[in-house]
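What follows is a short report on a single structure.
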Amino acid sequence: MTFCVVCGTDLAGREVCCEQPAYDPARYCPKCGRWLVVRIAPTGHVEHCPEHGRLEPS
Ligand SMILES: [Zn+2]
Ligand SMILES: [Zn+2]
């Protein structure tokens, strides 16, 4: 199952929902749709899912 990282909607097989703005952090986990905790790092931002931990930068 895949969720939109911008709005958290279940994509239900669709490829794209919202277009993620360049340089913007993901807001929702693509794996579970949970709200992500975003930390600002010197190299950019790091997204943490409470379920899956740190997400790999895309
Ligand atoms: Zn969306
Ligand atoms: Zn997750």
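Going through the structure tokens in order, the chains are called A, B, and so on, while each chain numbers its residues from 1 and the ligands are numbered from 1 in the order shown.
Those protein and nucleic acid residues that have any atom within 8 Å of ligand 2 are, using only C-alpha atoms and all ligand atoms, A:Tyr28, A:Cys29, A:Pro30, A:Lys31, A:Cys32, A:Gly33, A:Arg34, A:Leu36, A:Cys49, A:Pro50, A:Glu51, A:His52, A:Gly53.
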Identify all residues of chain A in strand (DSSP E) (DSSP on the backbone) and supply them as a PyMOL selection string. chain A and resi 37-41+44-49+53-54
Next, write the just-selected residues to a file, as a JSON list (two decimals), in the first residue's frame, keeping C-alpha atoms as the atom set.
[["chain", "number", "residue", "atom", "x", "y", "z"],
["A", 37, "VAL", "CA", 8.13, 14.34, 12.35],
["A", 38, "VAL", "CA", 10.42, 16.56, 10.30],
["A", 39, "ARG", "CA", 13.74, 17.72, 11.71],
["A", 40, "ILE", "CA", 15.80, 20.36, 10.04],
["A", 41, "ALA", "CA", 19.40, 19.23, 9.57],
["A", 44, "GLY", "CA", 18.50, 19.55, 4.62],
["A", 45, "HIS", "CA", 15.64, 17.87, 6.42],
["A", 46, "VAL", "CA", 15.12, 14.43, 7.89],
["A", 47, "GLU", "CA", 11.71, 12.80, 8.08],
["A", 48, "HIS", "CA", 10.89, 10.34, 10.84],
["A", 49, "CYS", "CA", 7.88, 8.05, 10.81],
["A", 53, "GLY", "CA", 11.73, 5.43, 11.65],
["A", 54, "ARG", "CA", 13.90, 7.60, 9.48]]
Within 7 Å of ligand 1, counting only C-alpha atoms and all ligand atoms, which protein or nucleic acid residues do you find, written as a PyMOL selection string? chain A and resi 4-9+17-18
Selection above as a file: N, CA and C atoms, as a short mmCIF file (atom, residue, chain, number, x, y, z; two decimals), in the first residue's frame:
data_model
loop_
_atom_site.label_atom_id
_atom_site.label_comp_id
_atom_site.auth_asym_id
_atom_site.auth_seq_id
_atom_site.Cartn_x
_atom_site.Cartn_y
_atom_site.Cartn_z
N CYS A 4 0.17 9.02 -0.35
CA CYS A 4 0.70 10.29 -0.86
C CYS A 4 1.49 10.98 0.26
N VAL A 5 2.73 11.38 -0.03
CA VAL A 5 3.56 12.01 1.01
C VAL A 5 3.16 13.46 1.24
N VAL A 6 2.31 14.00 0.38
CA VAL A 6 1.89 15.40 0.52
C VAL A 6 0.60 15.52 1.32
N CYS A 7 -0.38 14.68 1.03
CA CYS A 7 -1.67 14.80 1.70
C CYS A 7 -2.07 13.57 2.51
N GLY A 8 -1.29 12.47 2.40
CA GLY A 8 -1.54 11.29 3.21
C GLY A 8 -2.66 10.40 2.71
N THR A 9 -3.17 10.69 1.53
CA THR A 9 -4.25 9.87 0.97
C THR A 9 -3.72 8.53 0.48
N CYS A 17 -0.56 11.42 -6.73
CA CYS A 17 -1.70 12.14 -6.18
C CYS A 17 -1.38 13.61 -6.29
N CYS A 18 -0.66 14.16 -5.30
CA CYS A 18 -0.20 15.53 -5.37
C CYS A 18 1.24 15.54 -5.86
#
